[in-house]
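Take a look at the structure below.
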Amino acid sequence: MVRSEVEEEHVGLQLTRGAEYGLRAMMYLARVPEGEVASLREIGREQEIPESFLAKILQTLVHAGLANSQRGARGGFSLARTAEAISAREVIEAVDGPIALNGCVLWPEECGRSERCPMHDVWVEAQGEMMRVLDGVHLGALAHEHAV
């Protein structure tokens, strides 16, 4: 099924492609045996991620302290912590920044309607539930539950 231009324009709450690729790359790294690394080429090939885009995403994850980078002929990437210690939320926020259903949830002072808006409390509650779910999902469980 092909989306219309109107549907493309109104996709709404959706992860960026970068966050999706970041999660896929990190789940792949979660299956790499401890002490070993996976090359950029290997991850890109196995996860069907363009190498140039993947390189940027992985460097972002390295700077966030979620992945390690090893240079050289036998270089590659590995997790910076155990897979059980890295949540889906951490990966998404490392790539995309803070997750928010609506801007007023993160920055209520920037919305003059927050105190009187009937939806504000709904957004805050939904935000809390989404964060609870994403914080409770760890790479270890994801990586071994399904081959990605």
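Identifiers in this document derive from the order of the structure tokens: chains are assigned A, B, ..., residues are numbered from 1 separately in each chain, and ligands are numbered from 1 in order of occurrence.
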Original post:
Tell me, which residues of chain A carry DSSP alpha helix (DSSP H), written as a ChimeraX atom specification?
Top reply: /A:5-9,17-30,40-47,51-63,88-96,103-106,120-136,139-145
Original post:
Any idea what's packed within 6 Å of range 70-82 of chain A, counting only C-alpha atoms, ignoring anything in its chain fewer than 3 positions away? Could you give it as a list in words?
Top reply: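 Using only C-alpha atoms, the neighbours found are Leu29, Val37, Ala38, Ser39, Leu66, Ala67 and Ala85 of chain A.
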Export of prior selection with N, CA and C atoms as a tab-separated table (two decimals), in the first residue's frame:
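Output file again-v7.tsv is given in full below:
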chain	number	residue	atom	x	y	z
A	29	LEU	N	24.37	-5.43	18.03
A	29	LEU	CA	25.55	-5.43	18.90
A	29	LEU	C	25.30	-6.23	20.17
A	37	VAL	N	33.97	-7.39	18.37
A	37	VAL	CA	33.36	-6.20	17.80
A	37	VAL	C	32.70	-6.58	16.47
A	38	ALA	N	31.78	-5.73	16.05
A	38	ALA	CA	31.13	-5.89	14.74
A	38	ALA	C	31.53	-4.71	13.88
A	39	SER	N	31.90	-4.97	12.66
A	39	SER	CA	32.32	-3.89	11.76
A	39	SER	C	31.10	-3.11	11.27
A	66	LEU	N	26.78	4.71	24.93
A	66	LEU	CA	26.03	3.46	24.77
A	66	LEU	C	26.79	2.42	23.95
A	67	ALA	N	27.71	2.88	23.10
A	67	ALA	CA	28.50	1.97	22.28
A	67	ALA	C	29.97	2.36	22.39
A	85	ALA	N	21.49	-3.56	30.53
A	85	ALA	CA	21.60	-2.26	31.18
A	85	ALA	C	21.31	-1.09	30.23
Subject >> Point-to-point distance in Å for CA of Gly22 in chain A and CA of Ile57 in chain A >> reply: 6.2 Å
Original post:
To one decimal place, how far is CA of Glu129 in chain A from CA of Glu115 in chain A in Å?
Top reply: 20.7 Å
**OP:** Would you mind listing what lies within 9 Å of Ala88 in chain A as a PyMOL selection string, with only C-alpha atoms counted and same-chain residues fewer than 3 positions away left out?
**Re:** chain A and resi 23+91-93+133-139
**OP:** For CA of Pro98 in chain A and CA of Ala55 in chain A, quote the distance in Å rounded to one decimal.
**Re:**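 Taking CA of Pro98 in chain A as the start and CA of Ala55 in chain A as the end point, the length is 21.5 Å.
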Subject >> Nearest candidate to Ala94 in chain A (options A:Asn68, A:Gln14, A:Thr60, A:Gln127; using only C-alpha atoms) >> reply: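 Checking each candidate against Ala94 in chain A, we get A:Thr60 as the closest.
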